[in-house]
file run-v4.tsv (TSV, C-alpha atoms)
chain	number	residue	atom	x	y	z
A	1	MET	CA	-57.01	82.69	161.74
A	2	SER	CA	-60.71	82.97	160.88
A	3	THR	CA	-62.86	85.72	162.36
A	4	ALA	CA	-66.54	85.62	163.23
A	5	PRO	CA	-68.85	87.08	160.57
A	6	ASP	CA	-70.02	90.64	161.17
A	7	PRO	CA	-73.73	90.55	162.15
A	8	ARG	CA	-74.18	93.90	160.39
A	9	GLU	CA	-73.38	92.18	157.08
A	10	ARG	CA	-75.70	89.23	157.62
A	11	GLU	CA	-78.61	89.03	155.19
A	12	LEU	CA	-81.97	88.75	156.92
A	13	HIS	CA	-85.11	87.41	155.24
A	14	ILE	CA	-88.37	88.82	156.64
A	15	LEU	CA	-91.08	86.18	156.71
A	16	ALA	CA	-93.89	88.17	158.31
A	17	VAL	CA	-94.85	91.48	159.92
A	18	ARG	CA	-97.72	91.38	162.42
A	19	GLN	CA	-99.28	93.57	165.08
A	20	HIS	CA	-101.65	93.28	168.04
A	21	ARG	CA	-103.24	95.95	170.24
A	22	HIS	CA	-103.24	96.34	174.01
A	23	ARG	CA	-104.65	98.57	176.70
A	24	ALA	CA	-102.74	99.06	179.97
A	25	PRO	CA	-104.19	101.00	182.94
A	26	LEU	CA	-101.82	103.21	184.93
A	27	ARG	CA	-101.41	103.05	188.69
A	28	ARG	CA	-102.32	106.76	188.84
A	29	PRO	CA	-102.99	109.50	186.27
A	30	PHE	CA	-100.00	110.98	184.45
A	31	VAL	CA	-100.43	114.72	183.90
A	32	THR	CA	-98.34	117.21	181.92
A	33	ALA	CA	-98.99	120.69	180.57
A	34	ALA	CA	-100.13	119.00	177.33
A	35	ARG	CA	-102.24	116.02	178.40
A	36	ARG	CA	-103.66	113.71	181.08
A	37	THR	CA	-103.30	109.93	180.76
A	38	GLU	CA	-105.05	107.26	182.86
A	39	ALA	CA	-104.52	104.23	180.58
A	40	VAL	CA	-102.24	103.60	177.63
A	41	GLU	CA	-103.45	102.22	174.32
A	42	TYR	CA	-100.56	100.66	172.47
A	43	VAL	CA	-99.68	98.39	169.60
A	44	VAL	CA	-97.05	95.64	169.55
A	45	ALA	CA	-95.22	95.08	166.25
A	46	GLU	CA	-93.75	91.69	165.44
A	47	VAL	CA	-91.13	90.97	162.80
A	48	GLU	CA	-90.54	87.28	162.08
A	49	LEU	CA	-87.43	86.09	160.27
A	50	SER	CA	-87.38	83.13	157.89
A	51	GLU	CA	-85.83	80.90	160.58
A	52	GLY	CA	-88.79	81.56	162.87
A	53	ILE	CA	-87.13	84.13	165.17
A	54	VAL	CA	-89.56	86.86	166.26
A	55	GLY	CA	-88.64	90.35	167.41
A	56	GLN	CA	-91.03	92.79	169.06
A	57	GLY	CA	-91.37	96.56	169.25
A	58	SER	CA	-94.22	98.73	170.51
A	59	ALA	CA	-95.83	102.11	170.00
A	60	ALA	CA	-98.16	103.97	172.34
A	61	GLU	CA	-101.03	106.18	171.28
A	62	THR	CA	-99.72	109.75	171.54
A	63	VAL	CA	-102.14	111.89	169.59
A	64	ALA	CA	-101.13	115.06	171.45
A	65	VAL	CA	-97.45	114.61	170.56
A	66	THR	CA	-96.97	112.55	167.39
A	67	GLY	CA	-100.53	112.75	166.09
A	68	GLU	CA	-100.86	108.95	166.14
A	69	SER	CA	-103.76	106.98	167.55
A	70	ALA	CA	-103.70	103.25	168.26
A	71	GLU	CA	-105.81	102.85	165.12
A	72	SER	CA	-103.40	104.78	162.89
A	73	ILE	CA	-100.40	102.91	164.33
A	74	ALA	CA	-102.06	99.55	163.67
A	75	GLU	CA	-103.01	100.65	160.15
A	76	ALA	CA	-99.45	101.76	159.41
A	77	LEU	CA	-98.05	98.45	160.62
A	78	SER	CA	-100.55	96.31	158.71
A	79	GLY	CA	-100.35	98.53	155.62
A	80	PRO	CA	-97.28	100.39	154.33
A	81	LEU	CA	-94.80	99.05	156.88
A	82	ARG	CA	-95.81	95.46	156.25
A	83	GLN	CA	-95.67	96.04	152.50
A	84	ALA	CA	-92.18	97.54	152.79
A	85	LEU	CA	-90.73	94.76	154.91
A	86	GLU	CA	-92.58	91.47	154.49
A	87	GLY	CA	-90.71	89.18	152.12
A	88	ALA	CA	-87.74	91.54	151.89
A	89	ARG	CA	-84.10	90.50	152.16
A	90	GLY	CA	-81.16	92.61	153.27
A	91	THR	CA	-78.89	93.67	156.07
A	92	VAL	CA	-80.40	95.24	159.16
A	93	ALA	CA	-79.37	98.67	157.87
A	94	GLU	CA	-80.98	98.07	154.48
A	95	LEU	CA	-84.20	96.80	156.03
A	96	SER	CA	-84.27	99.66	158.54
A	97	ALA	CA	-83.99	102.07	155.61
A	98	ARG	CA	-87.05	100.42	154.07
A	99	ILE	CA	-88.98	101.15	157.26
A	100	ALA	CA	-87.81	104.76	157.32
A	101	GLY	CA	-89.01	105.31	153.76
A	102	ALA	CA	-92.30	103.45	154.04
A	103	LEU	CA	-94.47	106.42	155.04
A	104	GLU	CA	-94.43	110.09	155.92
A	105	GLY	CA	-94.85	110.83	159.61
A	106	GLY	CA	-96.00	107.87	161.67
A	107	THR	CA	-92.84	108.06	163.75
A	108	SER	CA	-94.17	105.87	166.58
A	109	ALA	CA	-95.34	103.19	164.17
A	110	ARG	CA	-92.03	103.25	162.31
A	111	ALA	CA	-90.12	103.05	165.60
A	112	ALA	CA	-92.15	100.02	166.70
A	113	CYS	CA	-91.39	98.21	163.45
A	114	ASP	CA	-87.72	99.21	163.54
A	115	VAL	CA	-87.29	98.04	167.15
A	116	ALA	CA	-88.94	94.72	166.27
A	117	LEU	CA	-86.51	94.33	163.36
A	118	HIS	CA	-83.49	95.10	165.56
A	119	ASP	CA	-84.75	92.75	168.30
A	120	ALA	CA	-85.08	89.93	165.76
A	121	TRP	CA	-81.65	90.74	164.28
A	122	ALA	CA	-79.93	90.58	167.66
A	123	ARG	CA	-81.76	87.39	168.63
A	124	ALA	CA	-80.64	85.79	165.37
A	125	ALA	CA	-77.06	86.82	166.18
A	126	GLY	CA	-77.35	85.42	169.71
A	127	SER	CA	-76.38	88.79	171.18
A	128	THR	CA	-77.87	91.56	173.24
A	129	LEU	CA	-78.91	94.51	171.10
A	130	VAL	CA	-76.77	96.94	173.08
A	131	GLU	CA	-73.63	94.97	172.23
A	132	LEU	CA	-74.43	94.96	168.52
A	133	LEU	CA	-74.91	98.74	168.76
A	134	GLY	CA	-71.43	99.10	170.26
A	135	GLY	CA	-72.18	99.20	173.98
A	136	ARG	CA	-71.66	96.93	176.98
A	137	ALA	CA	-74.49	94.84	178.36
A	138	ASP	CA	-73.33	95.23	181.96
A	139	ASP	CA	-73.31	99.04	181.94
A	140	GLY	CA	-76.20	101.06	183.37
A	141	LEU	CA	-77.52	104.58	183.87
A	142	MET	CA	-79.27	106.46	186.66
A	143	ASN	CA	-82.96	106.82	185.90
A	144	ASP	CA	-85.30	109.53	187.17
A	145	MET	CA	-88.88	109.43	188.42
A	146	THR	CA	-91.46	111.86	187.12
A	147	VAL	CA	-93.67	113.90	189.42
A	148	SER	CA	-96.60	114.80	187.18
A	149	LEU	CA	-98.39	118.14	187.08
A	150	GLU	CA	-100.84	118.38	189.98
A	151	GLU	CA	-101.60	120.58	193.00
A	152	PRO	CA	-98.48	121.50	195.02
A	153	GLU	CA	-99.41	119.36	198.02
A	154	VAL	CA	-100.06	116.32	195.81
A	155	MET	CA	-96.74	116.78	194.00
A	156	ALA	CA	-95.00	117.09	197.36
A	157	GLU	CA	-96.43	113.76	198.51
A	158	ARG	CA	-95.45	112.08	195.24
A	159	ALA	CA	-91.90	113.41	195.58
A	160	ARG	CA	-91.64	112.29	199.20
A	161	ALA	CA	-92.79	108.77	198.28
A	162	ALA	CA	-90.37	108.54	195.34
A	163	VAL	CA	-87.35	109.47	197.45
A	164	ALA	CA	-88.46	107.09	200.19
A	165	GLY	CA	-88.50	104.37	197.53
A	166	GLY	CA	-84.86	105.02	196.62
A	167	GLU	CA	-85.13	107.56	193.80
A	168	GLU	CA	-82.37	110.19	193.67
A	169	ILE	CA	-83.46	112.23	190.62
A	170	LEU	CA	-86.96	113.64	190.19
A	171	LYS	CA	-88.35	115.03	186.96
A	172	ILE	CA	-90.83	117.75	187.87
A	173	LYS	CA	-93.59	118.59	185.41
A	174	LEU	CA	-94.45	122.28	185.35
A	175	GLY	CA	-96.89	124.21	183.19
A	176	HIS	CA	-98.51	127.44	182.08
A	177	ASP	CA	-98.91	129.33	185.38
A	178	ILE	CA	-95.47	130.44	186.59
A	179	ASP	CA	-96.68	131.56	190.02
A	180	GLU	CA	-98.27	128.16	190.57
A	181	ASP	CA	-95.12	126.52	189.19
A	182	ARG	CA	-93.06	128.29	191.83
A	183	ARG	CA	-95.40	126.95	194.52
A	184	ARG	CA	-95.22	123.46	193.05
A	185	LEU	CA	-91.44	123.47	193.04
A	186	ALA	CA	-91.21	124.88	196.56
A	187	ALA	CA	-93.51	122.14	197.83
A	188	VAL	CA	-91.44	119.42	196.13
A	189	ILE	CA	-88.16	120.74	197.52
A	190	ALA	CA	-89.59	120.96	201.03
A	191	ALA	CA	-90.83	117.37	200.77
A	192	ALA	CA	-87.68	115.93	199.15
A	193	PRO	CA	-84.74	118.23	199.93
A	194	SER	CA	-82.10	115.63	199.01
A	195	ALA	CA	-83.37	115.01	195.48
A	196	ARG	CA	-81.76	116.28	192.30
A	197	LEU	CA	-84.34	117.93	190.07
A	198	ARG	CA	-84.97	118.04	186.34
A	199	LEU	CA	-87.68	120.53	185.38
A	200	ASP	CA	-89.93	120.02	182.36
A	201	ALA	CA	-92.26	122.81	181.27
A	202	ASN	CA	-93.49	120.95	178.15
A	203	GLN	CA	-93.46	124.21	176.12
A	204	GLY	CA	-95.51	125.94	178.81
A	205	TRP	CA	-93.72	129.31	179.05
A	206	SER	CA	-92.95	132.23	176.79
A	207	PRO	CA	-89.22	133.05	176.42
A	208	GLU	CA	-89.66	136.03	178.76
A	209	GLN	CA	-91.44	133.92	181.38
A	210	ALA	CA	-88.79	131.23	181.09
A	211	ILE	CA	-85.95	133.67	181.63
A	212	ASP	CA	-87.75	135.21	184.61
A	213	ILE	CA	-88.60	131.98	186.39
A	214	ILE	CA	-85.29	130.20	185.66
A	215	THR	CA	-83.30	133.25	186.81
A	216	GLY	CA	-85.27	133.16	190.04
A	217	PHE	CA	-84.42	129.49	190.52
A	218	GLU	CA	-80.74	130.31	190.00
A	219	ILE	CA	-80.81	133.19	192.50
A	220	ASP	CA	-82.36	130.85	195.05
A	221	ALA	CA	-79.68	128.22	194.26
A	222	LEU	CA	-82.26	125.46	193.93
A	223	PRO	CA	-80.98	121.89	193.30
A	224	ILE	CA	-81.90	121.87	189.59
A	225	ASP	CA	-79.84	119.97	187.00
A	226	LEU	CA	-81.61	121.20	183.86
A	227	VAL	CA	-84.76	122.76	182.41
A	228	GLU	CA	-86.43	120.89	179.56
A	229	GLN	CA	-88.30	122.51	176.66
A	230	PRO	CA	-89.29	125.75	178.41
A	231	VAL	CA	-90.83	127.33	175.27
A	232	ALA	CA	-92.74	126.27	172.16
A	233	ALA	CA	-90.98	123.67	170.02
A	234	ALA	CA	-91.02	125.80	166.87
A	235	ASN	CA	-89.57	128.84	168.65
A	236	VAL	CA	-85.90	128.00	168.18
A	237	GLU	CA	-84.96	131.68	168.39
A	238	GLY	CA	-86.80	131.94	171.70
A	239	MET	CA	-85.03	128.84	173.01
A	240	ALA	CA	-81.72	130.41	172.02
A	241	ARG	CA	-82.60	133.59	173.92
A	242	VAL	CA	-83.41	131.58	177.03
A	243	ALA	CA	-80.23	129.49	176.76
A	244	ALA	CA	-78.11	132.63	176.41
A	245	ALA	CA	-79.78	134.42	179.34
A	246	VAL	CA	-79.59	131.70	182.02
A	247	GLU	CA	-76.88	129.51	183.49
A	248	LEU	CA	-78.93	126.33	183.99
A	249	PRO	CA	-78.65	123.92	181.05
A	250	ILE	CA	-81.57	124.06	178.63
A	251	MET	CA	-82.67	120.77	177.11
A	252	ALA	CA	-84.57	120.49	173.83
A	253	ASP	CA	-87.23	117.79	173.62
A	254	GLU	CA	-90.24	118.61	171.45
A	255	SER	CA	-87.91	120.71	169.28
A	256	VAL	CA	-85.77	117.75	168.18
A	257	TRP	CA	-87.23	114.98	166.03
A	258	SER	CA	-84.56	114.54	163.37
A	259	VAL	CA	-80.89	114.98	162.55
A	260	GLU	CA	-81.84	118.21	160.77
A	261	ASP	CA	-83.51	119.49	163.94
A	262	ALA	CA	-80.42	118.63	165.96
A	263	HIS	CA	-78.15	120.54	163.58
A	264	ARG	CA	-80.51	123.55	163.64
A	265	LEU	CA	-80.64	123.67	167.45
A	266	VAL	CA	-76.88	123.28	167.81
A	267	GLU	CA	-76.12	125.95	165.21
A	268	ALA	CA	-78.60	128.38	166.82
A	269	GLY	CA	-77.18	127.84	170.31
A	270	ALA	CA	-80.73	126.93	171.35
A	271	ALA	CA	-79.96	123.88	173.49
A	272	ASP	CA	-77.27	122.76	175.88
A	273	LEU	CA	-78.71	119.22	175.92
A	274	LEU	CA	-80.88	117.09	173.61
A	275	ASN	CA	-83.66	114.67	174.59
A	276	ILE	CA	-83.93	111.83	172.07
A	277	LYS	CA	-87.08	109.70	171.90
A	278	LEU	CA	-87.52	106.74	169.57
A	279	ALA	CA	-91.18	107.63	169.11
A	280	LYS	CA	-90.06	110.97	167.65
A	281	THR	CA	-87.11	109.77	165.57
A	282	GLY	CA	-88.94	106.85	163.98
A	283	GLY	CA	-86.20	104.31	164.61
A	284	ILE	CA	-82.91	103.33	166.19
A	285	PRO	CA	-80.50	104.50	163.43
A	286	GLN	CA	-82.07	107.97	163.44
A	287	ALA	CA	-81.76	108.20	167.23
A	288	LEU	CA	-78.09	107.24	167.10
A	289	ALA	CA	-77.50	109.76	164.30
A	290	ILE	CA	-78.88	112.56	166.49
A	291	ALA	CA	-76.56	111.43	169.28
A	292	ASP	CA	-73.68	111.58	166.79
A	293	VAL	CA	-74.55	115.22	166.00
A	294	ALA	CA	-74.58	116.03	169.70
A	295	GLN	CA	-71.29	114.25	170.30
A	296	ALA	CA	-69.61	116.20	167.50
A	297	ALA	CA	-70.87	119.44	169.10
A	298	GLY	CA	-69.77	118.44	172.61
A	299	ILE	CA	-73.38	118.18	173.79
A	300	GLU	CA	-74.74	115.46	176.05
A	301	CYS	CA	-78.05	113.72	175.45
A	302	MET	CA	-80.89	112.11	177.35
A	303	ILE	CA	-82.93	109.19	176.09
A	304	GLY	CA	-86.49	109.86	177.12
A	305	ALA	CA	-89.91	108.44	176.47
A	306	MET	CA	-93.55	109.28	176.53
A	307	MET	CA	-95.96	107.13	178.51
A	308	GLU	CA	-94.86	103.98	176.67
A	309	PRO	CA	-94.86	100.26	177.51
A	310	ARG	CA	-91.96	98.15	178.69
A	311	ILE	CA	-90.91	96.98	175.21
A	312	SER	CA	-90.39	100.56	174.04
A	313	ILE	CA	-88.58	101.52	177.24
A	314	THR	CA	-86.24	98.53	177.08
A	315	ALA	CA	-85.31	99.40	173.49
A	316	ALA	CA	-84.60	102.98	174.55
A	317	ALA	CA	-82.37	101.72	177.36
A	318	HIS	CA	-80.31	99.64	174.93
A	319	VAL	CA	-79.82	102.69	172.71
A	320	ALA	CA	-78.91	104.90	175.65
A	321	ILE	CA	-76.31	102.55	177.05
A	322	ALA	CA	-74.82	101.98	173.59
A	323	HIS	CA	-73.92	105.61	172.76
A	324	PRO	CA	-71.31	107.62	174.72
A	325	ALA	CA	-73.08	110.96	174.16
A	326	ILE	CA	-76.18	109.66	175.96
A	327	THR	CA	-75.45	110.18	179.62
A	328	MET	CA	-78.98	110.56	181.05
A	329	ILE	CA	-82.20	108.59	180.87
A	330	ASP	CA	-85.81	109.45	181.62
A	331	LEU	CA	-87.30	105.97	181.36
A	332	ASP	CA	-89.71	105.60	184.26
A	333	PRO	CA	-93.02	104.82	182.43
A	334	PRO	CA	-93.04	101.07	183.26
A	335	PHE	CA	-93.25	101.97	186.94
A	336	TRP	CA	-96.53	103.78	186.22
A	337	PHE	CA	-98.12	100.73	184.55
A	338	ALA	CA	-100.38	98.46	186.60
A	339	SER	CA	-98.91	95.43	184.77
A	340	GLU	CA	-95.21	94.59	184.50
A	341	ALA	CA	-95.58	92.44	181.38
A	342	PRO	CA	-93.55	91.36	179.54
A	343	ALA	CA	-90.93	90.07	181.95
A	344	GLY	CA	-87.25	90.85	181.54
A	345	GLY	CA	-85.45	93.64	179.74
A	346	PHE	CA	-84.06	95.57	182.68
A	347	THR	CA	-83.99	95.87	186.43
A	348	GLN	CA	-83.81	98.96	188.60
A	349	SER	CA	-82.56	99.45	192.13
A	350	GLY	CA	-82.12	102.80	193.87
A	351	GLY	CA	-82.78	104.56	190.58
A	352	TRP	CA	-79.97	102.66	188.80
A	353	LEU	CA	-81.22	100.92	185.64
A	354	ARG	CA	-79.37	97.90	184.27
A	355	LEU	CA	-80.17	95.58	181.38
A	356	THR	CA	-80.91	91.95	182.23
A	357	GLY	CA	-79.00	90.54	179.27
A	358	GLY	CA	-80.23	87.79	176.99
A	359	PRO	CA	-80.65	87.87	173.21
A	360	GLY	CA	-82.21	90.89	171.55
A	361	LEU	CA	-83.95	93.15	174.03
A	362	GLY	CA	-83.86	90.41	176.66
A	363	LEU	CA	-87.65	90.41	177.00
A	364	GLN	CA	-90.12	87.58	177.03
A	365	ARG	CA	-92.52	87.67	174.11
A	366	LEU	CA	-95.72	89.61	174.84
A	367	ARG	CA	-98.71	87.63	173.61
A	368	ALA	CA	-101.81	89.18	172.10
A	369	ASP	CA	-104.03	88.17	175.02
A	370	GLU	CA	-101.86	89.76	177.75
A	371	ASP	CA	-102.61	93.17	179.31
A	372	GLY	CA	-106.07	93.11	177.80
A	373	GLY	CA	-104.53	92.94	174.35
A	374	ASP	CA	-106.67	92.17	171.36
A	375	THR	CA	-105.68	91.24	167.83
call {"tool": "encode", "arguments": {"input": "run-v4.tsv", "output": "structure tokens"}}
result
Amino acid sequence: MSTAPDPRERELHILAVRQHRHRAPLRRPFVTAARRTEAVEYVVAEVELSEGIVGQGSAAETVAVTGESAESIAEALSGPLRQALEGARGTVAELSARIAGALEGGTSARAACDVALHDAWARAAGSTLVELLGGRADDGLMNDMTVSLEEPEVMAERARAAVAGGEEILKIKLGHDIDEDRRRLAAVIAAAPSARLRLDANQGWSPEQAIDIITGFEIDALPIDLVEQPVAAANVEGMARVAAAVELPIMADESVWSVEDAHRLVEAGAADLLNIKLAKTGGIPQALAIADVAQAAGIECMIGAMMEPRISITAAAHVAIAHPAITMIDLDPPFWFASEAPAGGFTQSGGWLRLTGGPGLGLQRLRADEDGGDT
């Protein structure tokens, strides 16, 4: 009896690599301890196969996090990434390795190109990407909604509106002033007492401050699921001290960009959970490899995102649903965007995110002239 060929062994021939830029206003400003965003500049990468199938990925300007501007992302895609991929032949793994080795840094640009490659690969195979990555297209995960860093009364109103809209998990952005952070959290809890909370300090506290404020939250028995990146990313020893001193799970985000980072955090006892972002890892294989490290250590993961467009978020959802160690998602950015383009990818109801199915990422193709895009 014959068996179907393994898509992972199929040779792909890359005909072209292209990119076009877009600007997408947000419905309201997004504020963290590190930055304030009112509109997102992003670049769409396109990878076209020899048979005319086109896959898309995207990368948002995140100078404060990855050091990449829309200009540098576009230059990476039209320069070294195009040179590494255009005209090449190989399996998806071989071509993805070409992307990974094309340039130092540029993780968002590399991720955009890698997602476009994987989208094209899955479309050519007539499958959803999640299924080719080992997951089930009809599975889903509970998403959260971020309450960005503002005055306590504003955050309270945002939390109240989110819960009224069906959200069950709120991600609360906190910052550098722990007394004000306590007031912010108290206001959110008073406004949305039924919500489960994930706290994100975005590196805003010292280890001593983190231990003090988190211990206080524990004494008060607040409905907190985890605390994300309480101290500076490079301070792994400080993260380990916090994790050892408190009972609430500590999640690493800015501290984990690579498999090497994941091993270092696990070995130091610096994180109970890992937040994986494609814009940090530079591609899908690297993200899955970090999840493998976590799984071997008995640690659960979240797939998160920065303020990124729908293409990036849909790719992250496919990765999250495909790997058993990824049990949480923080993929709410599309709900901040004024435009919902491109159509498809996923749906969400009551906080529950599910993929729509269809080949590749299941998205319609985003054209250069949509969302104010310009070539």
call {"tool": "residues_around", "arguments": {"input": "run-v4.tsv", "residues": "stretch 127-144 of chain A", "least_positions_apart": "4", "cutoff": "8 Å", "atoms": "only C-alpha atoms", "output": "VMD selection string"}}
result
chain A and resid 7 118 to 119 122 to 123 167 to 171 318 to 319 321 to 323 327 to 332 351 to 355 357 to 362
call {"tool": "closest_residue", "arguments": {"input": "run-v4.tsv", "among": "A:Ile303, A:Met251, A:Val236, A:Val242", "to": "A:Asp200", "atoms": "only C-alpha atoms"}}
result
A:Met251
call {"tool": "residues_around", "arguments": {"input": "run-v4.tsv", "residues": "A:Gly87", "least_positions_apart": "4", "cutoff": "7 Å", "atoms": "only C-alpha atoms", "output": "ChimeraX atom specification"}}
result
/A:13-15
call {"tool": "residues_near_point", "arguments": {"input": "run-v4.tsv", "point": "(-98.0, 96.8, 165.5)", "cutoff": "7 Å", "atoms": "all atoms listed in the file", "output": "list in words"}}
result
Arg18, Gln19, His20, Val43, Val44, Ala45, Glu46, Ser58, Ile73, Ala74, Leu77 and Ala112 of chain A
call {"tool": "axis_aligned_box", "arguments": {"input": "run-v4.tsv", "around": "stretch 164-181 of chain A", "padding_each_side": "6 Å", "output": "JSON"}}
result
{"center_x": -90.6, "center_y": 118.0, "center_z": 191.1, "size_x": 28.5, "size_y": 39.2, "size_z": 30.1}
call {"tool": "closest_residue", "arguments": {"input": "run-v4.tsv", "among": "A:Gly304, A:Gly283, A:Pro334, A:Pro249", "to": "A:Ala100", "atoms": "only C-alpha atoms"}}
result
A:Gly283
call {"tool": "closest_residue", "arguments": {"input": "run-v4.tsv", "among": "A:Ala287, A:Ala270, A:Ala16, A:Ala4", "to": "A:Ala120", "atoms": "only C-alpha atoms"}}
result
A:Ala16
call {"tool": "closest_residue", "arguments": {"input": "run-v4.tsv", "among": "A:Gly67, A:Arg27, A:Leu226, A:Leu174", "to": "A:Ala201", "atoms": "all atoms listed in the file"}}
result
A:Leu174
call {"tool": "closest_residue", "arguments": {"input": "run-v4.tsv", "among": "A:Thr146, A:Thr347, A:Ser78, A:Thr215", "to": "A:Phe30", "atoms": "all atoms listed in the file"}}
result
A:Thr146
call {"tool": "residues_around", "arguments": {"input": "run-v4.tsv", "residues": "A:Val147", "least_positions_apart": "4", "cutoff": "9 Å", "atoms": "all atoms listed in the file", "output": "JSON, numbers by chain"}}
result
{"A": [30, 31, 155, 156, 158, 159, 162, 170, 171, 172, 173, 188]}
call {"tool": "closest_residue", "arguments": {"input": "run-v4.tsv", "among": "A:Glu340, A:Arg365, A:Glu228, A:Arg196", "to": "A:Val163", "atoms": "only C-alpha atoms"}}
result
A:Arg196
call {"tool": "atom_distance", "arguments": {"input": "run-v4.tsv", "atom1": "atom CA of A:Leu149", "atom2": "atom CA of A:Ala161"}}
result
15.6 Å
call {"tool": "residues_near_point", "arguments": {"input": "run-v4.tsv", "point": "(-74.6, 115.1, 178.1)", "cutoff": "8 Å", "atoms": "all atoms listed in the file", "output": "list of chain:residue names"}}
result
A:Leu273, A:Leu274, A:Ile299, A:Glu300, A:Cys301, A:Met302, A:Ala325, A:Ile326, A:Thr327, A:Met328
call {"tool": "decode", "arguments": {"input": "run-v4.tsv", "residues": "stretch 63-68 of chain A", "atoms": "all heavy atoms", "output": "compact mmCIF listing (two decimals), in the first residue's frame"}}
result
# COMPACT_ATOMS: atom_id res chain seq x y z
N VAL A 63 11.58 49.11 17.66
CA VAL A 63 12.92 49.62 17.94
C VAL A 63 13.28 49.44 19.41
O VAL A 63 14.41 49.07 19.76
CB VAL A 63 13.03 51.11 17.54
CG1 VAL A 63 14.40 51.65 17.91
CG2 VAL A 63 12.77 51.27 16.04
N ALA A 64 12.30 49.65 20.31
CA ALA A 64 12.58 49.58 21.74
C ALA A 64 12.87 48.16 22.22
O ALA A 64 13.46 47.98 23.29
CB ALA A 64 11.41 50.16 22.53
N VAL A 65 12.47 47.16 21.43
CA VAL A 65 12.64 45.77 21.87
C VAL A 65 13.69 45.04 21.03
O VAL A 65 14.68 44.55 21.56
CB VAL A 65 11.29 45.01 21.82
CG1 VAL A 65 11.47 43.58 22.32
CG2 VAL A 65 10.24 45.73 22.64
N THR A 66 13.48 44.97 19.72
CA THR A 66 14.41 44.24 18.86
C THR A 66 15.44 45.14 18.20
O THR A 66 16.37 44.64 17.56
CB THR A 66 13.65 43.49 17.75
OG1 THR A 66 13.11 44.44 16.82
CG2 THR A 66 12.52 42.64 18.33
N GLY A 67 15.25 46.46 18.30
CA GLY A 67 16.15 47.38 17.64
C GLY A 67 15.86 47.58 16.17
O GLY A 67 16.64 48.24 15.46
N GLU A 68 14.73 47.07 15.68
CA GLU A 68 14.42 47.13 14.25
C GLU A 68 13.37 48.18 13.94
O GLU A 68 12.32 48.24 14.56
CB GLU A 68 13.91 45.77 13.77
CG GLU A 68 14.95 44.66 13.84
CD GLU A 68 14.31 43.30 13.64
OE1 GLU A 68 13.85 42.71 14.63
OE2 GLU A 68 14.28 42.84 12.48
